[in-house]
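Trainee: Encoded as structure tokens, here's the structure I'll be asking about.
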Amino acid sequence: MAENGGSGGGHSPLAQFEIKEIVPIEIGGLDLSFTNSSLFMVAAVMLAASFFLLGMRRGALVPGRWQSAVEISYEFVAGLFRDTVGQEGRQYFPVVFTLFMFILIGNLLGMLPYSFTFTSHIIVTFAMAAVVFIGVTILGFAKHGMRFFAFFVPPGAPVAMWPLLIPIEVISYLSRPISLSVRLFANMLAGHTLLKVIAGFIPVLGIVFGVIPLALVVALVGLEILIAFLQAYVFAILTCLYINDALHMH
Amino acid sequence: MPQLDPSFFSTQLVWLFLTLVPLYLILRRAVLPRIGEVLEARQRHIDTDLEKATKLRQEAEAVLADYEKALTEARSRAVEAVKEAGLEMTAASARRHEAFGQELAATAQEAEGRITRAKEEALAHVSTVANEVAAAVAAKLIGAEPAADQVENTVKEVMEGRG
């Protein structure tokens, strides 16, 4: 639970990342309990769905504010996708759009005091990155067959360099899901931990000097909202680039 | 760190799947087609409006061209009419001028004839008067009336001698 409001004391800065069961469920020996993390995932989906479905309900020729917001978010991701992938990969756009919206709303929900940030858990970000990685790899082989292995040979490199370059390329390709997931997870973890640590100074310093960390927390909340958006953007654009690589190789 | 506790991995993965897949289906099946439809309809509307505007402008230009053509025609017709009228007026004035000149000339001739006749008459009277005067003067001077034909001859002689 993110106690960003700073109610002081005993909790560790990492306590906000603890997962708490709300409804215990166990199937086949696996713990599938409905937790605070699940709650915020469901909330993110409901928010996203109602934002889009209700915003586009009228589908007016001249959009109102809400519909404009929906269209702007669509145009934003669509423009991003168009610039990096192009028309050819059109059918993969919903995946990118879903990931962007899910991560963005998850990050932003995490900015509410006492809420939970499901994107601050490596298993969640890694699962999404793994889906992207596996999907893109399948796409590359489906599109190019065995020629997709040529992706690991840098174009124009002398053959003598291949034994050195190919392992580097393979390792960099395999590390994609790790960098993709760790980037998002670490940003969320670090930001929320920092907020909690600095907020912890407020009650310690008292009402006079506590103003300094309070001001810092306010500034950091602004920064964190920016990062919440930025990380969703980075995740989406990297997904687009990977799709583009799979479609067009080099 | 709670993130590294594997006992919570299964629930997170399952709930991630249970939320992300419905979100994907909602966005893909309902939201994205709807947005695409609205944007397309808007684009179509704009396109037809632009097309209509282009057509209307072309029509307006055609009307303007027609108007200008009509104006030019009318102007040239007007110039022609003015020219024609001028020519007609010149001709009429010339005709009248000529007619008046002829009338004038006829009048002048007639007047001249009358003058000539009056002069001749006057001259004829002059010889009669001269004869009478000469006869009367001779009768006063000599006391006897000279013969008429003698007087006439003498006067004629004198007048011709002078003339």
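Ordered as shown in the structure tokens, chains take letters A, B, and onward, while each chain numbers its residues from 1 and ligands are numbered from 1 in the order shown.
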Would you mind listing, as a short mmCIF file (atom, residue, chain, number, x, y, z; two decimals) with C-alpha atoms, in the first residue's frame, all residues of chain A that have at least one atom within 7 Å of chain B, where only C-alpha atoms are what counts?
Mentor:
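Below you can see result27.cif, which holds the result:
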data_model
loop_
_atom_site.label_atom_id
_atom_site.label_comp_id
_atom_site.auth_asym_id
_atom_site.auth_seq_id
_atom_site.Cartn_x
_atom_site.Cartn_y
_atom_site.Cartn_z
CA LEU A 14 8.90 -1.20 0.54
CA PHE A 17 4.62 -3.06 -2.58
CA GLU A 18 3.30 -5.86 -0.37
CA LEU A 30 -1.80 -22.65 -6.92
CA ASP A 31 -2.51 -19.48 -5.03
CA LEU A 32 -4.82 -17.47 -7.30
CA SER A 33 -6.19 -15.17 -4.63
CA SER A 38 -5.69 -7.90 -8.90
CA MET A 41 -5.66 -4.50 -12.54
CA VAL A 42 -9.44 -4.92 -12.68
CA VAL A 45 -9.38 -2.41 -17.17
CA ALA A 49 -13.04 0.29 -20.98
CA PHE A 52 -13.23 4.47 -24.33
CA LEU A 53 -16.71 2.97 -24.54
CA MET A 56 -17.14 7.09 -28.02
CA GLY A 59 -19.45 9.14 -31.86
CA LEU A 61 -18.91 14.33 -35.91
CA PRO A 94 -4.47 -3.36 -30.89
CA VAL A 95 -1.78 -5.20 -28.93
CA THR A 98 -3.80 -2.35 -25.12
CA HIS A 121 6.13 -5.88 -9.75
CA ILE A 122 8.74 -7.49 -11.97
CA ILE A 123 6.60 -10.56 -12.58
CA VAL A 124 3.85 -8.43 -14.13
#
Trainee: Contacts of Ile168 (chain A) at 10 Å or less, counting only C-alpha atoms, minus same-chain residues fewer than 5 places along, as a PDB file with N, CA, C and O atoms, in the first residue's frame?
Mentor:
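So part.pdb came out as:
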ATOM      1  N   PHE A 152      20.493 -11.814 -36.974  1.00  0.00           N
ATOM      2  CA  PHE A 152      21.574 -11.757 -35.993  1.00  0.00           C
ATOM      3  C   PHE A 152      22.913 -11.438 -36.636  1.00  0.00           C
ATOM      4  O   PHE A 152      23.919 -11.357 -35.951  1.00  0.00           O
ATOM      5  N   VAL A 153      22.918 -11.310 -37.966  1.00  0.00           N
ATOM      6  CA  VAL A 153      24.156 -10.950 -38.660  1.00  0.00           C
ATOM      7  C   VAL A 153      24.046  -9.473 -39.051  1.00  0.00           C
ATOM      8  O   VAL A 153      23.189  -9.115 -39.854  1.00  0.00           O
ATOM      9  N   TRP A 162      32.026 -12.298 -37.832  1.00  0.00           N
ATOM     10  CA  TRP A 162      30.774 -12.959 -37.466  1.00  0.00           C
ATOM     11  C   TRP A 162      30.842 -13.708 -36.133  1.00  0.00           C
ATOM     12  O   TRP A 162      29.916 -13.596 -35.328  1.00  0.00           O
ATOM     13  N   PRO A 163      31.896 -14.510 -35.912  1.00  0.00           N
ATOM     14  CA  PRO A 163      31.926 -15.257 -34.642  1.00  0.00           C
ATOM     15  C   PRO A 163      31.830 -14.351 -33.429  1.00  0.00           C
ATOM     16  O   PRO A 163      31.353 -14.770 -32.375  1.00  0.00           O
ATOM     17  N   TYR A 173      19.440  -9.610 -28.412  1.00  0.00           N
ATOM     18  CA  TYR A 173      18.058  -9.938 -28.742  1.00  0.00           C
ATOM     19  C   TYR A 173      17.373 -10.620 -27.557  1.00  0.00           C
ATOM     20  O   TYR A 173      16.236 -10.293 -27.218  1.00  0.00           O
ATOM     21  N   LEU A 174      18.104 -11.557 -26.925  1.00  0.00           N
ATOM     22  CA  LEU A 174      17.514 -12.309 -25.812  1.00  0.00           C
ATOM     23  C   LEU A 174      17.316 -11.428 -24.573  1.00  0.00           C
ATOM     24  O   LEU A 174      16.466 -11.714 -23.736  1.00  0.00           O
TER      25      LEU A 174
END
Trainee: Mind pulling up the distance from CA of Leu108 (chain A) to CA of Ile178 (chain A)?
Mentor: 22.8 Å
Trainee: Considering only C-alpha atoms, state which residue in the set A:Val77, A:Ala60, A:Met128, A:Val170 is at the smallest distance from Ile103 (chain A).
Mentor: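 Result for the nearest residue to Ile103 (chain A): A:Met128.
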Trainee: For region 131-138 of chain B, find every residue with an atom within 7 Å (counting only C-alpha atoms), except residues of its own chain fewer than 5 positions away, and show them as a PyMOL selection string.
Mentor: chain B and resi 145-146+151-152+155
Trainee: Go ahead and compute the interatomic distance for CA of Thr119 (chain A) and CA of Leu180 (chain A), in Å to one decimal.
Mentor: 12.2 Å
Trainee: Please return as a VMD selection string: the residues of region 18-152 of chain A that backbone DSSP assigns to alpha helix (DSSP H).
Mentor: chain A and resid 36 to 55 65 to 84 93 to 110 122 to 144
Trainee: If we count only C-alpha atoms and set the cut-off at 9 Å, which residues sit around Gly110 (chain A), ignoring sequence neighbours fewer than 2 positions away in its own chain? Please answer as a ChimeraX atom specification.
Mentor: /A:2,40,105-108,112-120,188,192,228
